[in-house]
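The structure file start-v9.pdb is reproduced below (PDB, C-alpha atoms).
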ATOM      1  CA  MET A   1     144.266  74.554 116.797
ATOM      2  CA  ILE A   2     141.821  75.252 113.967
ATOM      3  CA  CYS A   3     142.514  78.302 111.824
ATOM      4  CA  ASP A   4     139.836  81.013 111.387
ATOM      5  CA  ALA A   5     139.462  80.249 107.677
ATOM      6  CA  CYS A   6     138.805  76.586 108.491
ATOM      7  CA  ARG A   7     136.100  77.553 111.008
ATOM      8  CA  MET A   8     134.387  79.729 108.401
ATOM      9  CA  GLN A   9     134.471  76.873 105.893
ATOM     10  CA  ARG A  10     132.643  74.701 108.420
ATOM     11  CA  LEU A  11     130.061  77.416 109.171
ATOM     12  CA  TRP A  12     129.038  78.109 105.546
ATOM     13  CA  PRO A  13     126.726  75.079 105.226
ATOM     14  CA  ILE A  14     124.941  76.053 108.435
ATOM     15  CA  LEU A  15     124.556  79.671 107.307
ATOM     16  CA  LEU A  16     123.208  78.551 103.929
ATOM     17  CA  ILE A  17     120.521  76.457 105.630
ATOM     18  CA  PHE A  18     119.337  79.479 107.629
ATOM     19  CA  VAL A  19     119.336  81.771 104.577
ATOM     20  CA  ALA A  20     117.459  79.202 102.500
ATOM     21  CA  ALA A  21     114.784  78.977 105.195
ATOM     22  CA  CYS A  22     114.003  82.704 104.999
ATOM     23  CA  GLY A  23     110.713  83.403 103.252
ATOM     24  CA  GLN A  24     109.543  79.799 103.469
ATOM     25  CA  PRO A  25     106.044  79.165 104.808
ATOM     26  CA  GLY A  26     105.488  77.581 108.196
ATOM     27  CA  LEU A  27     104.660  73.873 108.368
ATOM     28  CA  GLY A  28     100.916  74.525 108.488
ATOM     29  CA  TYR A  29     101.019  76.591 105.284
ATOM     30  CA  ARG A  30     103.190  74.464 103.006
ATOM     31  CA  GLY A  31     101.626  73.737  99.644
ATOM     32  CA  ILE A  32      99.498  76.901  99.673
ATOM     33  CA  ASP A  33     100.329  79.398  96.949
ATOM     34  CA  PRO A  34     100.911  82.857  98.425
ATOM     35  CA  VAL A  35      99.117  86.034  97.458
ATOM     36  CA  ARG A  36     101.603  88.919  97.310
ATOM     37  CA  VAL A  37     100.246  92.148  98.825
ATOM     38  CA  THR A  38     102.001  95.545  98.921
ATOM     39  CA  PHE A  39     101.220  98.188 101.548
ATOM     40  CA  GLY A  40     103.438 101.221 101.218
ATOM     41  CA  PRO A  41     107.006 100.081 101.884
ATOM     42  CA  ASP A  42     106.007  96.568 102.973
ATOM     43  CA  VAL A  43     105.441  93.544 100.735
ATOM     44  CA  PHE A  44     103.877  90.402 102.190
ATOM     45  CA  ASP A  45     103.262  86.863 100.984
ATOM     46  CA  ILE A  46      99.923  85.865 102.533
ATOM     47  CA  ARG A  47      98.796  82.266 102.957
ATOM     48  CA  VAL A  48      95.407  81.339 104.439
ATOM     49  CA  ARG A  49      94.375  77.960 105.808
ATOM     50  CA  GLY A  50      90.955  77.785 107.437
ATOM     51  CA  ARG A  51      90.787  80.321 110.244
ATOM     52  CA  ARG A  52      94.519  81.008 110.371
ATOM     53  CA  ALA A  53      96.747  83.050 108.114
ATOM     54  CA  GLU A  54     100.448  83.711 107.760
ATOM     55  CA  ALA A  55     102.086  86.917 106.517
ATOM     56  CA  ILE A  56     105.739  86.746 105.503
ATOM     57  CA  ARG A  57     107.342  90.134 104.874
ATOM     58  CA  VAL A  58     109.553  89.736 101.808
ATOM     59  CA  ASN A  59     110.983  93.241 101.430
ATOM     60  CA  PRO A  60     114.185  94.433 103.083
ATOM     61  CA  ARG A  61     113.369  97.055 105.724
ATOM     62  CA  VAL A  62     114.744  97.508 109.188
ATOM     63  CA  SER A  63     112.088  96.834 111.800
ATOM     64  CA  ARG A  64     112.506  95.873 115.413
ATOM     65  CA  ASN A  65     109.409  93.800 116.150
ATOM     66  CA  VAL A  66     105.927  92.795 115.007
ATOM     67  CA  ALA A  67     104.526  96.180 116.106
ATOM     68  CA  ASP A  68     106.505  97.821 113.276
ATOM     69  CA  ILE A  69     104.752  95.764 110.603
ATOM     70  CA  GLY A  70     101.603  94.671 112.467
ATOM     71  CA  PRO A  71      99.092  97.176 111.058
ATOM     72  CA  GLN A  72     100.185  96.506 107.472
ATOM     73  CA  ALA A  73     100.197  92.736 108.058
ATOM     74  CA  VAL A  74      96.661  92.860 109.486
ATOM     75  CA  LEU A  75      95.370  94.846 106.502
ATOM     76  CA  ALA A  76      97.114  92.506 104.054
ATOM     77  CA  ILE A  77      95.713  89.385 105.742
ATOM     78  CA  GLU A  78      92.196  90.841 105.903
ATOM     79  CA  ALA A  79      92.348  91.832 102.213
ATOM     80  CA  VAL A  80      93.266  88.296 101.152
ATOM     81  CA  SER A  81      91.232  86.253 103.651
ATOM     82  CA  GLN A  82      88.144  88.496 103.679
ATOM     83  CA  CYS A  83      88.019  87.762 107.421
ATOM     84  CA  ARG A  84      88.711  89.918 110.471
ATOM     85  CA  VAL A  85      92.043  89.414 112.251
ATOM     86  CA  VAL A  86      91.373  88.823 115.955
ATOM     87  CA  ARG A  87      94.935  88.065 117.068
ATOM     88  CA  LEU A  88      98.350  88.610 115.493
ATOM     89  CA  THR A  89     101.554  87.025 116.790
ATOM     90  CA  GLY A  90     105.045  86.709 115.404
ATOM     91  CA  ASP A  91     108.007  88.925 114.713
ATOM     92  CA  GLN A  92     109.145  91.538 112.191
ATOM     93  CA  ALA A  93     109.458  88.963 109.394
ATOM     94  CA  VAL A  94     106.667  86.411 109.933
ATOM     95  CA  ALA A  95     103.292  87.031 111.537
ATOM     96  CA  GLU A  96     100.477  84.557 112.128
ATOM     97  CA  ALA A  97      96.864  85.587 112.577
ATOM     98  CA  ALA A  98      93.751  84.026 114.050
ATOM     99  CA  LEU A  99      90.742  84.909 111.881
ATOM    100  CA  ASP A 100      87.074  85.575 112.607
ATOM    101  CA  CYS A 101      85.264  84.567 109.448
ATOM    102  CA  GLY A 102      81.754  84.366 110.812
ATOM    103  CA  VAL A 103      79.919  81.056 110.509
ATOM    104  CA  GLY A 104      81.886  78.294 108.798
ATOM    105  CA  ALA A 105      85.313  78.341 107.229
ATOM    106  CA  PRO A 106      86.097  81.010 104.655
ATOM    107  CA  ALA A 107      85.410  80.237 101.034
ATOM    108  CA  PRO A 108      88.540  79.739  98.941
ATOM    109  CA  SER A 109      89.482  83.047  97.390
ATOM    110  CA  SER A 110      90.075  83.544  93.697
ATOM    111  CA  PHE A 111      92.372  86.530  94.126
ATOM    112  CA  PRO A 112      95.149  87.229  91.675
ATOM    113  CA  SER A 113      98.575  86.266  92.978
ATOM    114  CA  VAL A 114      99.642  89.921  93.470
ATOM    115  CA  LEU A 115      97.685  92.793  95.068
ATOM    116  CA  ASP A 116      98.689  96.425  95.569
ATOM    117  CA  CYS A 117      96.719  97.920  98.458
ATOM    118  CA  GLU A 118      96.181 101.388  99.865
ATOM    119  CA  ALA A 119      94.610 102.266 103.214
ATOM    120  CA  SER A 120      92.985 105.659 103.782
ATOM    121  CA  ASP A 121      92.378 106.884 107.320
ATOM    122  CA  LEU A 122      88.694 107.746 107.814
ATOM    123  CA  GLY A 123      89.211 108.859 111.418
ATOM    124  CA  GLU A 124      87.804 107.409 114.635
ATOM    125  CA  GLY A 125      89.947 104.284 114.282
ATOM    126  CA  THR A 126      88.543 103.214 110.911
ATOM    127  CA  CYS A 127      90.100 103.068 107.479
ATOM    128  CA  ASP A 128      89.108 102.410 103.887
ATOM    129  CA  LEU A 129      91.033  99.641 102.133
ATOM    130  CA  ALA A 130      91.410  99.482  98.352
ATOM    131  CA  CYS A 131      93.330  96.625  96.679
ATOM    132  CA  PHE A 132      94.104  96.314  92.991
ATOM    133  CA  PRO A 133      95.643  93.471  90.971
TER
END
Let me see the file written as structure tokens.
Amino acid sequence: MICDACRMQRLWPILLIFVAACGQPGLGYRGIDPVRVTFGPDVFDIRVRGRRAEAIRVNPRVSRNVADIGPQAVLAIEAVSQCRVVRLTGDQAVAEAALDCGVGAPAPSSFPSVLDCEASDLGEGTCDLACFP
């Protein structure tokens, strides 16, 4: 019979692998430097590749699903990509977006690596977005 302490010693390497994977970009976004965007309580690392983007929430906040962070993730992705988000999938930590950038792929952005953004409700389902380095 294996003691409880021995079981925990065997589990630590596995737990460390999972913890180390948190905050890492998906396979399609490796090698792309993130742009950090803050919307209220949420902080995202945004990576854009062509007509797809990934938002990784890096702040600790309890949220149950992608609907809790979806609006902020969409605004953050649109601020960095300068494209419209047409579909958002994922969970409360990592969201991936399909982008509508008009004709052709988006031009590479020259944004600073950190943005602080504020959204103001203009009514009728529209908002004004202001981002500052």
Please tabulate, as a tab-separated table, the residues of region 57-102 of chain A that come within 10 Å of region 42-47 of chain A, each with its closest pair of atoms and the distance in Å to one decimal, counting only C-alpha atoms and ordering rows by chain, then residue number upward.
residue	atom	partner	partner_atom	distance
A:Arg57	CA	A:Phe44	CA	4.4
A:Val58	CA	A:Val43	CA	5.7
A:Asn59	CA	A:Val43	CA	5.6
A:Pro60	CA	A:Asp42	CA	8.5
A:Arg61	CA	A:Asp42	CA	7.9
A:Ile69	CA	A:Asp42	CA	7.8
A:Gln72	CA	A:Asp42	CA	7.4
A:Ala73	CA	A:Phe44	CA	7.3
A:Ala76	CA	A:Phe44	CA	7.3
A:Ile77	CA	A:Ile46	CA	6.4
A:Glu78	CA	A:Ile46	CA	9.8
A:Ala79	CA	A:Ile46	CA	9.6
A:Val80	CA	A:Ile46	CA	7.2
A:Ser81	CA	A:Arg47	CA	8.6
A:Ala93	CA	A:Phe44	CA	9.2
A:Val94	CA	A:Phe44	CA	9.1
A:Ala95	CA	A:Ile46	CA	9.7
A:Glu96	CA	A:Arg47	CA	9.6
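Picture a line from CA of Val48 (chain A) to CA of Gly123 (chain A); it runs 29.1 Å.
The result of the PyMOL selection byres ((chain A and resi 40) around 10) on the shown file is Val37, Thr38, Phe39, Pro41, Asp42, Val43, Gln72, Asp116, Cys117, Glu118 and Ala119 of chain A.
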List every protein, DNA or RNA residue that has an atom no more than 7 Å from (94.6, 90.7, 117.6) in the file's coordinate frame, counting all atoms listed in the file, and report them as a ChimeraX atom specification. /A:85-88
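Counting from CA of Ser120 (chain A), the distance to CA of Ala67 (chain A) is 19.4 Å.
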Work out how far CA of Arg49 (chain A) is from CA of Arg36 (chain A), in Å to one decimal. 15.6 Å
Residue with smallest distance to Asp91 (chain A) - pool A:Ile32, A:Ala130, A:Val66, A:Ile56, counting all atoms listed in the file: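 Ranking A:Ile32, A:Ala130, A:Val66, A:Ile56 by distance to Asp91 (chain A), first place goes to A:Val66.
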Please return, as a list in words, all polymer residues that have at least one atom within 6 Å of the point (90.0, 85.4, 108.9); use all atoms listed in the file and the file's own coordinate frame. Arg51, Ser81, Cys83, Arg84, Val85, Leu99, Asp100 and Cys101 of chain A
In terms of the shortest atom-to-atom distance over all atoms listed in the file, which of A:Cys131, A:Gln82, A:Val35, A:Arg64 is closest to Gly50 (chain A)?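 The closest residue to Gly50 (chain A) is A:Gln82.
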